[in-house]
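Pasted below: model-v3.pdb, PDB, C-alpha atoms, pLDDT in the B column.
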ATOM      1  CA  MET A   1      13.262  -2.583   0.193  1.00 70.00           C
ATOM      2  CA  ARG A   2      11.383  -4.347   2.972  1.00 76.00           C
ATOM      3  CA  ARG A   3      13.017  -7.495   4.313  1.00 81.00           C
ATOM      4  CA  ALA A   4       9.897  -9.548   3.529  1.00 77.00           C
ATOM      5  CA  ASP A   5      10.083  -8.436  -0.116  1.00 77.00           C
ATOM      6  CA  ARG A   6      13.785  -9.283  -0.204  1.00 84.00           C
ATOM      7  CA  LEU A   7      13.205 -12.811   1.105  1.00 85.00           C
ATOM      8  CA  PHE A   8      10.473 -13.358  -1.474  1.00 80.00           C
ATOM      9  CA  LEU A   9      12.788 -12.212  -4.279  1.00 83.00           C
ATOM     10  CA  ILE A  10      15.548 -14.577  -3.124  1.00 87.00           C
ATOM     11  CA  ILE A  11      13.168 -17.540  -3.344  1.00 83.00           C
ATOM     12  CA  HIS A  12      11.879 -16.319  -6.713  1.00 78.00           C
ATOM     13  CA  ALA A  13      15.454 -16.007  -8.053  1.00 83.00           C
ATOM     14  CA  LEU A  14      16.252 -19.597  -7.038  1.00 85.00           C
ATOM     15  CA  ARG A  15      13.052 -21.154  -8.335  1.00 76.00           C
ATOM     16  CA  GLY A  16      13.603 -23.415 -11.344  1.00 67.00           C
ATOM     17  CA  ARG A  17      17.421 -23.037 -11.476  1.00 77.00           C
ATOM     18  CA  ARG A  18      19.575 -26.078 -12.238  1.00 79.00           C
ATOM     19  CA  THR A  19      22.853 -24.474 -11.200  1.00 87.00           C
ATOM     20  CA  ALA A  20      23.800 -22.640  -8.031  1.00 90.00           C
ATOM     21  CA  LEU A  21      23.268 -18.887  -7.982  1.00 91.00           C
ATOM     22  CA  PRO A  22      26.246 -17.052  -6.471  1.00 92.00           C
ATOM     23  CA  ALA A  23      25.490 -14.913  -3.437  1.00 91.00           C
ATOM     24  CA  ARG A  24      27.284 -11.997  -5.105  1.00 91.00           C
ATOM     25  CA  ASN A  25      24.742 -12.045  -7.947  1.00 89.00           C
ATOM     26  CA  LEU A  26      21.911 -11.948  -5.426  1.00 89.00           C
ATOM     27  CA  ALA A  27      23.559  -9.070  -3.576  1.00 89.00           C
ATOM     28  CA  GLU A  28      23.944  -7.033  -6.781  1.00 88.00           C
ATOM     29  CA  THR A  29      20.351  -7.707  -7.839  1.00 83.00           C
ATOM     30  CA  LEU A  30      18.899  -6.779  -4.444  1.00 86.00           C
ATOM     31  CA  GLY A  31      21.264  -3.869  -3.824  1.00 87.00           C
ATOM     32  CA  VAL A  32      22.466  -5.230  -0.468  1.00 91.00           C
ATOM     33  CA  SER A  33      25.714  -6.518   1.005  1.00 92.00           C
ATOM     34  CA  LEU A  34      26.947 -10.104   0.786  1.00 91.00           C
ATOM     35  CA  ARG A  35      26.585 -10.329   4.551  1.00 91.00           C
ATOM     36  CA  THR A  36      22.894  -9.461   4.255  1.00 93.00           C
ATOM     37  CA  VAL A  37      22.378 -12.178   1.624  1.00 92.00           C
ATOM     38  CA  TYR A  38      24.129 -14.776   3.805  1.00 92.00           C
ATOM     39  CA  ARG A  39      21.949 -13.819   6.779  1.00 92.00           C
ATOM     40  CA  ASP A  40      18.732 -13.857   4.754  1.00 91.00           C
ATOM     41  CA  VAL A  41      19.467 -17.266   3.226  1.00 92.00           C
ATOM     42  CA  ALA A  42      20.345 -18.690   6.639  1.00 91.00           C
ATOM     43  CA  ASP A  43      17.044 -17.401   8.034  1.00 89.00           C
ATOM     44  CA  LEU A  44      15.121 -18.936   5.112  1.00 88.00           C
ATOM     45  CA  GLN A  45      16.843 -22.274   5.699  1.00 88.00           C
ATOM     46  CA  LEU A  46      15.976 -22.160   9.395  1.00 88.00           C
ATOM     47  CA  SER A  47      12.357 -21.457   8.399  1.00 83.00           C
ATOM     48  CA  GLY A  48      12.265 -24.688   6.392  1.00 83.00           C
ATOM     49  CA  VAL A  49      12.834 -23.358   2.867  1.00 85.00           C
ATOM     50  CA  PRO A  50      14.797 -26.152   1.076  1.00 88.00           C
ATOM     51  CA  ILE A  51      17.816 -24.072  -0.006  1.00 90.00           C
ATOM     52  CA  GLU A  52      21.129 -25.863  -0.478  1.00 89.00           C
ATOM     53  CA  GLY A  53      24.584 -24.343  -0.824  1.00 86.00           C
ATOM     54  CA  GLU A  54      26.948 -22.162   1.120  1.00 79.00           C
ATOM     55  CA  ALA A  55      28.818 -18.879   1.069  1.00 79.00           C
ATOM     56  CA  GLY A  56      31.387 -18.736  -1.734  1.00 80.00           C
ATOM     57  CA  VAL A  57      29.689 -21.514  -3.692  1.00 83.00           C
ATOM     58  CA  GLY A  58      26.136 -20.357  -4.325  1.00 90.00           C
ATOM     59  CA  TYR A  59      22.605 -21.456  -3.596  1.00 92.00           C
ATOM     60  CA  VAL A  60      19.975 -23.617  -5.230  1.00 90.00           C
ATOM     61  CA  LEU A  61      16.616 -25.050  -4.226  1.00 85.00           C
ATOM     62  CA  ARG A  62      16.846 -28.738  -3.326  1.00 81.00           C
ATOM     63  CA  LYS A  63      16.059 -30.943  -6.333  1.00 71.00           C
ATOM     64  CA  GLY A  64      12.445 -32.055  -6.459  1.00 60.00           C
ATOM     65  CA  SER A  65      11.329 -29.539  -3.843  1.00 59.00           C
ATOM     66  CA  ASP A  66      10.581 -26.447  -5.901  1.00 52.00           C
ATOM     67  CA  ILE A  67       8.184 -24.095  -4.164  1.00 54.00           C
ATOM     68  CA  PRO A  68       4.887 -23.499  -6.007  1.00 54.00           C
ATOM     69  CA  PRO A  69       3.950 -19.912  -6.794  1.00 56.00           C
ATOM     70  CA  LEU A  70       1.607 -18.004  -4.536  1.00 58.00           C
ATOM     71  CA  MET A  71      -1.983 -18.924  -5.372  1.00 62.00           C
ATOM     72  CA  PHE A  72      -5.308 -17.186  -4.938  1.00 72.00           C
ATOM     73  CA  THR A  73      -8.897 -18.348  -4.764  1.00 76.00           C
ATOM     74  CA  ALA A  74     -11.249 -17.175  -7.497  1.00 79.00           C
ATOM     75  CA  ASP A  75     -12.872 -14.659  -5.127  1.00 84.00           C
ATOM     76  CA  GLU A  76      -9.500 -13.314  -3.970  1.00 83.00           C
ATOM     77  CA  LEU A  77      -8.361 -12.854  -7.556  1.00 83.00           C
ATOM     78  CA  GLU A  78     -11.583 -11.104  -8.544  1.00 86.00           C
ATOM     79  CA  SER A  79     -11.082  -8.690  -5.650  1.00 89.00           C
ATOM     80  CA  LEU A  80      -7.587  -7.879  -6.938  1.00 87.00           C
ATOM     81  CA  VAL A  81      -8.874  -7.280 -10.461  1.00 88.00           C
ATOM     82  CA  VAL A  82     -11.683  -5.019  -9.270  1.00 90.00           C
ATOM     83  CA  GLY A  83      -9.310  -3.149  -6.961  1.00 91.00           C
ATOM     84  CA  THR A  84      -6.913  -2.569  -9.843  1.00 89.00           C
ATOM     85  CA  ARG A  85      -9.704  -1.170 -11.982  1.00 89.00           C
ATOM     86  CA  PHE A  86     -10.706   1.270  -9.265  1.00 91.00           C
ATOM     87  CA  VAL A  87      -7.116   2.392  -8.767  1.00 91.00           C
ATOM     88  CA  ARG A  88      -6.739   2.965 -12.511  1.00 87.00           C
ATOM     89  CA  ALA A  89      -9.965   4.983 -12.590  1.00 88.00           C
ATOM     90  CA  PHE A  90      -9.541   7.164  -9.527  1.00 90.00           C
ATOM     91  CA  ALA A  91      -5.900   7.262  -8.391  1.00 91.00           C
ATOM     92  CA  GLY A  92      -2.881   8.975  -9.881  1.00 91.00           C
ATOM     93  CA  ASP A  93      -1.109   7.570 -12.916  1.00 90.00           C
ATOM     94  CA  LYS A  94       1.830   6.229 -10.886  1.00 91.00           C
ATOM     95  CA  LEU A  95      -0.366   4.142  -8.590  1.00 90.00           C
ATOM     96  CA  ALA A  96      -2.512   3.031 -11.518  1.00 88.00           C
ATOM     97  CA  ALA A  97       0.525   1.813 -13.467  1.00 87.00           C
ATOM     98  CA  GLY A  98       1.876   0.022 -10.407  1.00 86.00           C
ATOM     99  CA  ALA A  99      -1.423  -1.732  -9.765  1.00 86.00           C
ATOM    100  CA  GLN A 100      -1.701  -2.864 -13.368  1.00 83.00           C
ATOM    101  CA  ALA A 101       1.891  -4.145 -13.437  1.00 81.00           C
ATOM    102  CA  ALA A 102       1.342  -6.090 -10.211  1.00 80.00           C
ATOM    103  CA  LEU A 103      -1.802  -7.703 -11.603  1.00 79.00           C
ATOM    104  CA  LEU A 104      -0.007  -8.747 -14.796  1.00 77.00           C
ATOM    105  CA  LYS A 105       2.688 -10.465 -12.715  1.00 71.00           C
ATOM    106  CA  ILE A 106       0.051 -12.289 -10.689  1.00 74.00           C
ATOM    107  CA  GLU A 107      -1.874 -13.407 -13.765  1.00 73.00           C
ATOM    108  CA  ALA A 108       1.337 -14.691 -15.372  1.00 66.00           C
ATOM    109  CA  VAL A 109       1.605 -17.511 -12.817  1.00 65.00           C
ATOM    110  CA  LEU A 110      -2.088 -18.390 -12.626  1.00 70.00           C
ATOM    111  CA  PRO A 111      -3.579 -21.598 -14.026  1.00 71.00           C
ATOM    112  CA  PRO A 112      -5.791 -21.030 -17.093  1.00 75.00           C
ATOM    113  CA  ASP A 113      -9.117 -21.410 -15.260  1.00 77.00           C
ATOM    114  CA  LEU A 114      -8.327 -18.644 -12.746  1.00 76.00           C
ATOM    115  CA  ARG A 115      -6.894 -16.409 -15.450  1.00 76.00           C
ATOM    116  CA  GLU A 116     -10.134 -16.787 -17.400  1.00 81.00           C
ATOM    117  CA  ARG A 117     -12.174 -16.056 -14.261  1.00 79.00           C
ATOM    118  CA  ALA A 118     -10.213 -12.837 -13.752  1.00 78.00           C
ATOM    119  CA  ALA A 119     -10.994 -11.723 -17.303  1.00 79.00           C
ATOM    120  CA  ARG A 120     -14.716 -12.438 -16.832  1.00 84.00           C
ATOM    121  CA  THR A 121     -15.362 -10.323 -13.741  1.00 87.00           C
ATOM    122  CA  ARG A 122     -18.293  -7.954 -14.398  1.00 87.00           C
ATOM    123  CA  ILE A 123     -17.437  -5.143 -12.000  1.00 89.00           C
ATOM    124  CA  TYR A 124     -15.976  -2.151 -13.839  1.00 86.00           C
ATOM    125  CA  ALA A 125     -14.638   1.290 -13.063  1.00 86.00           C
ATOM    126  CA  PRO A 126     -14.548   3.055 -16.445  1.00 80.00           C
ATOM    127  CA  THR A 127     -11.634   5.415 -16.936  1.00 76.00           C
ATOM    128  CA  TRP A 128     -12.017   8.726 -18.736  1.00 73.00           C
ATOM    129  CA  ARG A 129      -8.851  10.741 -19.279  1.00 71.00           C
ATOM    130  CA  ASP A 130      -9.839  14.182 -20.535  1.00 77.00           C
ATOM    131  CA  GLU A 131      -7.577  17.161 -19.875  1.00 79.00           C
ATOM    132  CA  LYS A 132      -9.141  17.919 -16.493  1.00 81.00           C
ATOM    133  CA  SER A 133      -8.941  14.363 -15.178  1.00 85.00           C
ATOM    134  CA  THR A 134      -5.362  14.026 -16.444  1.00 89.00           C
ATOM    135  CA  GLU A 135      -4.358  17.144 -14.522  1.00 91.00           C
ATOM    136  CA  PHE A 136      -6.108  15.844 -11.405  1.00 92.00           C
ATOM    137  CA  ALA A 137      -4.344  12.473 -11.642  1.00 92.00           C
ATOM    138  CA  ALA A 138      -1.024  14.315 -11.858  1.00 93.00           C
ATOM    139  CA  ARG A 139      -2.002  16.297  -8.745  1.00 95.00           C
ATOM    140  CA  ILE A 140      -2.735  13.099  -6.822  1.00 95.00           C
ATOM    141  CA  ASP A 141       0.671  11.752  -7.890  1.00 96.00           C
ATOM    142  CA  ARG A 142       2.360  14.956  -6.717  1.00 97.00           C
ATOM    143  CA  LEU A 143       0.631  14.927  -3.327  1.00 97.00           C
ATOM    144  CA  HIS A 144       1.378  11.227  -2.910  1.00 96.00           C
ATOM    145  CA  ALA A 145       5.078  11.856  -3.612  1.00 96.00           C
ATOM    146  CA  ALA A 146       5.178  14.766  -1.145  1.00 98.00           C
ATOM    147  CA  ILE A 147       3.686  12.550   1.563  1.00 97.00           C
ATOM    148  CA  GLY A 148       6.298   9.872   0.936  1.00 96.00           C
ATOM    149  CA  ASP A 149       9.178  12.369   0.945  1.00 97.00           C
ATOM    150  CA  GLY A 150       7.924  14.400   3.916  1.00 97.00           C
ATOM    151  CA  ARG A 151       7.897  17.669   1.940  1.00 98.00           C
ATOM    152  CA  VAL A 152       6.222  20.797   3.296  1.00 98.00           C
ATOM    153  CA  LEU A 153       3.833  22.274   0.724  1.00 98.00           C
ATOM    154  CA  ARG A 154       2.279  25.708   0.290  1.00 98.00           C
ATOM    155  CA  LEU A 155      -1.283  25.572  -1.002  1.00 98.00           C
ATOM    156  CA  ASP A 156      -3.357  28.266  -2.639  1.00 98.00           C
ATOM    157  CA  TYR A 157      -6.640  26.868  -1.376  1.00 97.00           C
ATOM    158  CA  ARG A 158     -10.337  27.617  -1.883  1.00 95.00           C
ATOM    159  CA  ASP A 159     -12.887  26.603   0.735  1.00 91.00           C
ATOM    160  CA  GLU A 160     -16.447  25.487  -0.003  1.00 89.00           C
ATOM    161  CA  GLY A 161     -17.595  29.102  -0.336  1.00 91.00           C
ATOM    162  CA  GLY A 162     -14.739  30.021  -2.678  1.00 91.00           C
ATOM    163  CA  SER A 163     -12.725  32.061  -0.154  1.00 94.00           C
ATOM    164  CA  ALA A 164      -8.991  31.857  -0.781  1.00 96.00           C
ATOM    165  CA  SER A 165      -6.204  31.266   1.732  1.00 96.00           C
ATOM    166  CA  LEU A 166      -2.536  30.315   1.681  1.00 97.00           C
ATOM    167  CA  ARG A 167      -1.709  27.253   3.762  1.00 97.00           C
ATOM    168  CA  GLU A 168       1.622  25.733   4.675  1.00 98.00           C
ATOM    169  CA  ILE A 169       0.994  22.084   5.378  1.00 98.00           C
ATOM    170  CA  GLU A 170       2.749  18.881   6.361  1.00 98.00           C
ATOM    171  CA  PRO A 171       0.923  16.300   4.162  1.00 98.00           C
ATOM    172  CA  LEU A 172       0.212  13.020   5.957  1.00 97.00           C
ATOM    173  CA  CYS A 173      -2.151  10.882   3.882  1.00 97.00           C
ATOM    174  CA  LEU A 174      -4.660  10.696   1.054  1.00 96.00           C
ATOM    175  CA  ALA A 175      -8.138   9.201   1.424  1.00 95.00           C
ATOM    176  CA  PHE A 176     -10.716   8.343  -1.227  1.00 93.00           C
ATOM    177  CA  TRP A 177     -14.366   8.676  -0.226  1.00 89.00           C
ATOM    178  CA  GLY A 178     -16.117   7.058  -3.180  1.00 83.00           C
ATOM    179  CA  GLY A 179     -16.054  10.048  -5.503  1.00 81.00           C
ATOM    180  CA  LYS A 180     -13.900  12.589  -3.691  1.00 90.00           C
ATOM    181  CA  TRP A 181     -10.334  12.640  -2.436  1.00 95.00           C
ATOM    182  CA  THR A 182      -9.158  14.351   0.736  1.00 96.00           C
ATOM    183  CA  LEU A 183      -5.643  15.224   1.804  1.00 97.00           C
ATOM    184  CA  GLY A 184      -5.003  14.810   5.525  1.00 97.00           C
ATOM    185  CA  ALA A 185      -2.381  17.215   6.822  1.00 98.00           C
ATOM    186  CA  TRP A 186      -1.036  19.267   9.687  1.00 97.00           C
ATOM    187  CA  CYS A 187      -1.957  22.865   8.869  1.00 97.00           C
ATOM    188  CA  ARG A 188       0.593  25.338  10.207  1.00 97.00           C
ATOM    189  CA  LEU A 189      -1.827  28.246   9.860  1.00 96.00           C
ATOM    190  CA  ARG A 190      -4.460  26.581  12.053  1.00 95.00           C
ATOM    191  CA  ALA A 191      -1.902  24.707  14.188  1.00 96.00           C
ATOM    192  CA  ASP A 192      -4.142  21.670  13.894  1.00 96.00           C
ATOM    193  CA  PHE A 193      -5.067  18.788  11.618  1.00 96.00           C
ATOM    194  CA  ARG A 194      -7.112  19.622   8.560  1.00 96.00           C
ATOM    195  CA  ASN A 195      -8.551  17.757   5.576  1.00 96.00           C
ATOM    196  CA  PHE A 196      -8.187  19.468   2.207  1.00 97.00           C
ATOM    197  CA  ARG A 197      -9.978  18.670  -1.028  1.00 96.00           C
ATOM    198  CA  PRO A 198      -7.413  18.311  -3.856  1.00 96.00           C
ATOM    199  CA  ASP A 199      -9.992  19.604  -6.344  1.00 94.00           C
ATOM    200  CA  ARG A 200     -10.123  22.896  -4.406  1.00 96.00           C
ATOM    201  CA  ILE A 201      -6.379  23.482  -4.573  1.00 97.00           C
ATOM    202  CA  ALA A 202      -5.663  26.301  -7.027  1.00 96.00           C
ATOM    203  CA  ALA A 203      -1.869  25.932  -6.865  1.00 97.00           C
ATOM    204  CA  ILE A 204       0.797  23.862  -5.104  1.00 97.00           C
ATOM    205  CA  ASP A 205       4.254  25.258  -4.378  1.00 97.00           C
ATOM    206  CA  GLU A 206       7.277  23.535  -2.896  1.00 97.00           C
ATOM    207  CA  THR A 207       8.746  25.263   0.145  1.00 97.00           C
ATOM    208  CA  GLY A 208      12.016  23.353  -0.066  1.00 97.00           C
ATOM    209  CA  GLU A 209      11.517  22.255   3.546  1.00 98.00           C
ATOM    210  CA  ARG A 210      11.127  18.733   4.844  1.00 98.00           C
ATOM    211  CA  PHE A 211       9.408  17.642   8.021  1.00 97.00           C
ATOM    212  CA  ALA A 212       9.927  14.692  10.325  1.00 95.00           C
ATOM    213  CA  PRO A 213       7.145  12.957  12.265  1.00 92.00           C
ATOM    214  CA  VAL A 214       6.496  14.712  15.571  1.00 93.00           C
ATOM    215  CA  PRO A 215       4.408  13.055  18.295  1.00 94.00           C
ATOM    216  CA  GLY A 216       1.037  14.761  18.463  1.00 95.00           C
ATOM    217  CA  ARG A 217       1.082  15.952  14.862  1.00 95.00           C
ATOM    218  CA  ASP A 218       2.060  12.793  12.961  1.00 96.00           C
ATOM    219  CA  LEU A 219      -0.094  10.288  11.087  1.00 95.00           C
ATOM    220  CA  ASP A 220      -0.993   8.282  14.201  1.00 94.00           C
ATOM    221  CA  ALA A 221      -2.212  11.430  15.948  1.00 95.00           C
ATOM    222  CA  TYR A 222      -4.137  12.455  12.820  1.00 96.00           C
ATOM    223  CA  MET A 223      -5.913   9.095  12.687  1.00 93.00           C
ATOM    224  CA  ARG A 224      -6.861   9.354  16.342  1.00 93.00           C
ATOM    225  CA  ALA A 225      -8.214  12.864  15.802  1.00 92.00           C
ATOM    226  CA  MET A 226     -10.271  11.764  12.796  1.00 90.00           C
ATOM    227  CA  ARG A 227     -11.941   9.029  14.837  1.00 84.00           C
ATOM    228  CA  VAL A 228     -13.212  11.719  17.177  1.00 66.00           C
ATOM    229  CA  SER A 229     -14.207  14.362  14.650  1.00 56.00           C
ATOM    230  CA  TYR A 230     -14.940  14.390  10.924  1.00 51.00           C
ATOM    231  CA  ASP A 231     -15.844  18.080  10.661  1.00 50.00           C
ATOM    232  CA  GLY A 232     -12.346  19.315   9.812  1.00 47.00           C
ATOM    233  CA  LEU A 233     -12.864  19.535   6.046  1.00 50.00           C
ATOM    234  CA  GLU A 234     -11.649  22.936   4.891  1.00 52.00           C
TER     235      GLU A 234
END

Here is a file; write its structure as structure tokens.
Amino acid sequence: MRRADRLFLIIHALRGRRTALPARNLAETLGVSLRTVYRDVADLQLSGVPIEGEAGVGYVLRKGSDIPPLMFTADELESLVVGTRFVRAFAGDKLAAGAQAALLKIEAVLPPDLRERAARTRIYAPTWRDEKSTEFAARIDRLHAAIGDGRVLRLDYRDEGGSASLREIEPLCLAFWGGKWTLGAWCRLRADFRNFRPDRIAAIDETGERFAPVPGRDLDAYMRAMRVSYDGLE
């Protein structure tokens, strides 16, 4: 968990409480040590967050100084709603579910007028889930997971002309181009960066190998290469 997320959750856990929350409870909830909780709370206090209490006793927000929830303008909220609809329509099921859950949490703390505005937005991304699109969404989820875990994949791939090749790749990122996805990767066969179309992958096999970022063939190097040339689509 990122430290910024952890600090946010500490404030959220204290909001609205009338009794002190023991540091041990926070540590168990966040999955961190007591020492980490003590340090995080001390940093929040130094930043001006009105937290009272001490180690061994517990913590509470100072009476009368509760922190209001994060708020959005109407335009910002509409952007989030539209973005969620596009993720649900075009991304994998895991990302789609995460986006929808995040939006529900945001809407739960909104005032009625902004919640109504969110429901009224007229930009849609209709979702069709036939057998083919369901399989493709699962493929996007699988590629996304492999990127996050640093897993080397073996692809049975078809190029634009239908020619087949076997590629061992180090997957680096996924990009959506308004209708088509591409998978950015280091291709071991070509010893260079390549972009692969997920819809042209006939089969994906796990090699059981993991890779670590290597200067010159990591995501930063891929992004630099793509700024120079966009003709690497296999």

Expected selection from the PyMOL selection byres ((chain A and resi 150) around 9), given as a PDB file with C-alpha atoms, keeping the file's coordinate frame:
ATOM      1  CA  ALA A 145       5.078  11.856  -3.612  1.00 96.00           C
ATOM      2  CA  ALA A 146       5.178  14.766  -1.145  1.00 98.00           C
ATOM      3  CA  ILE A 147       3.686  12.550   1.563  1.00 97.00           C
ATOM      4  CA  GLY A 148       6.298   9.872   0.936  1.00 96.00           C
ATOM      5  CA  ASP A 149       9.178  12.369   0.945  1.00 97.00           C
ATOM      6  CA  ARG A 151       7.897  17.669   1.940  1.00 98.00           C
ATOM      7  CA  VAL A 152       6.222  20.797   3.296  1.00 98.00           C
ATOM      8  CA  GLU A 170       2.749  18.881   6.361  1.00 98.00           C
ATOM      9  CA  PRO A 171       0.923  16.300   4.162  1.00 98.00           C
ATOM     10  CA  LEU A 172       0.212  13.020   5.957  1.00 97.00           C
ATOM     11  CA  GLU A 209      11.517  22.255   3.546  1.00 98.00           C
ATOM     12  CA  ARG A 210      11.127  18.733   4.844  1.00 98.00           C
ATOM     13  CA  PHE A 211       9.408  17.642   8.021  1.00 97.00           C
ATOM     14  CA  ALA A 212       9.927  14.692  10.325  1.00 95.00           C
ATOM     15  CA  PRO A 213       7.145  12.957  12.265  1.00 92.00           C
TER      16      PRO A 213
END

Query raised in the report: When the PyMOL selection byres ((chain A and resi 187-189) around 12) is applied to the file above, which residues end up in the set, as a PyMOL selection string?
Result: chain A and resi 152-155+157+165-172+183-186+190-196+211+217-218+222+232-234

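The interatomic distance for the pair atom CA of A:Thr207 and atom CA of A:Ile140 works out to 18.1 Å.
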
Requested in this report: Output the residue selection produced by the PyMOL selection byres ((chain A and resi 15-28) around 8) on the file above, formatted as a ChimeraX atom specification.
Outcome: /A:10-14,29-34,36-38,53,55-61,66-67

Query raised in the report: Got a sec: who's within 9 Å of stretch 178-180 of chain A, counting only C-alpha atoms, leaving out chain neighbours fewer than 2 positions off, as a ChimeraX atom specification?
Result: /A:90,175-176,182,197-199

Near A:Arg129, counting all atoms listed in the file, which residues have an atom at most 12 Å away, once you skip same-chain residues fewer than 3 positions from it, shown as a tab-separated table (two decimals) with C-alpha atoms, in the frame of the given file?
chain	number	residue	atom	x	y	z
A	88	ARG	CA	-6.74	2.96	-12.51
A	89	ALA	CA	-9.96	4.98	-12.59
A	90	PHE	CA	-9.54	7.16	-9.53
A	91	ALA	CA	-5.90	7.26	-8.39
A	92	GLY	CA	-2.88	8.98	-9.88
A	93	ASP	CA	-1.11	7.57	-12.92
A	126	PRO	CA	-14.55	3.06	-16.44
A	132	LYS	CA	-9.14	17.92	-16.49
A	133	SER	CA	-8.94	14.36	-15.18
A	134	THR	CA	-5.36	14.03	-16.44
A	135	GLU	CA	-4.36	17.14	-14.52
A	136	PHE	CA	-6.11	15.84	-11.40
A	137	ALA	CA	-4.34	12.47	-11.64
A	138	ALA	CA	-1.02	14.32	-11.86

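Of the residues listed (A:Arg224, A:Arg6, A:Arg62, A:Arg158), A:Arg62 shows the shortest atom-to-atom separation from A:Gly48; distances use all atoms listed in the file.
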
Regenerate stretch 145-163 of chain A at the level of N, CA and C atoms and dump it as a PDB file, keeping the file's coordinate frame.
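Saved the output as part21.pdb:
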ATOM      1  N   ALA A 145       3.617  11.791  -3.692  1.00 96.00           N
ATOM      2  CA  ALA A 145       5.078  11.856  -3.612  1.00 96.00           C
ATOM      3  C   ALA A 145       5.521  12.741  -2.451  1.00 96.00           C
ATOM      4  N   ALA A 146       4.822  13.856  -2.245  1.00 98.00           N
ATOM      5  CA  ALA A 146       5.178  14.766  -1.145  1.00 98.00           C
ATOM      6  C   ALA A 146       4.979  14.098   0.204  1.00 98.00           C
ATOM      7  N   ILE A 147       3.923  13.294   0.322  1.00 97.00           N
ATOM      8  CA  ILE A 147       3.686  12.550   1.563  1.00 97.00           C
ATOM      9  C   ILE A 147       4.845  11.590   1.820  1.00 97.00           C
ATOM     10  N   GLY A 148       5.228  10.850   0.784  1.00 96.00           N
ATOM     11  CA  GLY A 148       6.298   9.872   0.936  1.00 96.00           C
ATOM     12  C   GLY A 148       7.640  10.501   1.272  1.00 96.00           C
ATOM     13  N   ASP A 149       7.893  11.700   0.732  1.00 97.00           N
ATOM     14  CA  ASP A 149       9.178  12.369   0.945  1.00 97.00           C
ATOM     15  C   ASP A 149       9.186  13.284   2.163  1.00 97.00           C
ATOM     16  N   GLY A 150       7.995  13.493   2.775  1.00 97.00           N
ATOM     17  CA  GLY A 150       7.924  14.400   3.916  1.00 97.00           C
ATOM     18  C   GLY A 150       8.212  15.846   3.534  1.00 97.00           C
ATOM     19  N   ARG A 151       7.639  16.308   2.417  1.00 98.00           N
ATOM     20  CA  ARG A 151       7.897  17.669   1.940  1.00 98.00           C
ATOM     21  C   ARG A 151       6.790  18.618   2.383  1.00 98.00           C
ATOM     22  N   VAL A 152       7.182  19.758   2.918  1.00 98.00           N
ATOM     23  CA  VAL A 152       6.222  20.797   3.296  1.00 98.00           C
ATOM     24  C   VAL A 152       5.745  21.496   2.029  1.00 98.00           C
ATOM     25  N   LEU A 153       4.422  21.643   1.900  1.00 98.00           N
ATOM     26  CA  LEU A 153       3.833  22.274   0.724  1.00 98.00           C
ATOM     27  C   LEU A 153       3.134  23.572   1.095  1.00 98.00           C
ATOM     28  N   ARG A 154       3.066  24.479   0.126  1.00 98.00           N
ATOM     29  CA  ARG A 154       2.279  25.708   0.290  1.00 98.00           C
ATOM     30  C   ARG A 154       1.118  25.641  -0.697  1.00 98.00           C
ATOM     31  N   LEU A 155      -0.097  25.693  -0.172  1.00 98.00           N
ATOM     32  CA  LEU A 155      -1.283  25.572  -1.002  1.00 98.00           C
ATOM     33  C   LEU A 155      -1.991  26.912  -1.160  1.00 98.00           C
ATOM     34  N   ASP A 156      -2.392  27.201  -2.380  1.00 98.00           N
ATOM     35  CA  ASP A 156      -3.357  28.266  -2.639  1.00 98.00           C
ATOM     36  C   ASP A 156      -4.696  27.561  -2.665  1.00 98.00           C
ATOM     37  N   TYR A 157      -5.475  27.732  -1.584  1.00 97.00           N
ATOM     38  CA  TYR A 157      -6.640  26.868  -1.376  1.00 97.00           C
ATOM     39  C   TYR A 157      -7.933  27.666  -1.391  1.00 97.00           C
ATOM     40  N   ARG A 158      -9.007  27.016  -1.870  1.00 95.00           N
ATOM     41  CA  ARG A 158     -10.337  27.617  -1.883  1.00 95.00           C
ATOM     42  C   ARG A 158     -11.261  26.753  -1.030  1.00 95.00           C
ATOM     43  N   ASP A 159     -11.959  27.378  -0.089  1.00 91.00           N
ATOM     44  CA  ASP A 159     -12.887  26.603   0.735  1.00 91.00           C
ATOM     45  C   ASP A 159     -14.200  26.405  -0.016  1.00 91.00           C
ATOM     46  N   GLU A 160     -15.178  25.809   0.652  1.00 89.00           N
ATOM     47  CA  GLU A 160     -16.447  25.487  -0.003  1.00 89.00           C
ATOM     48  C   GLU A 160     -17.140  26.716  -0.552  1.00 89.00           C
ATOM     49  N   GLY A 161     -16.967  27.865   0.125  1.00 91.00           N
ATOM     50  CA  GLY A 161     -17.595  29.102  -0.336  1.00 91.00           C
ATOM     51  C   GLY A 161     -16.778  29.865  -1.352  1.00 91.00           C
ATOM     52  N   GLY A 162     -15.578  29.363  -1.683  1.00 91.00           N
ATOM     53  CA  GLY A 162     -14.739  30.021  -2.678  1.00 91.00           C
ATOM     54  C   GLY A 162     -13.722  30.979  -2.099  1.00 91.00           C
ATOM     55  N   SER A 163     -13.694  31.163  -0.775  1.00 94.00           N
ATOM     56  CA  SER A 163     -12.725  32.061  -0.154  1.00 94.00           C
ATOM     57  C   SER A 163     -11.329  31.460  -0.253  1.00 94.00           C
TER      58      SER A 163
END
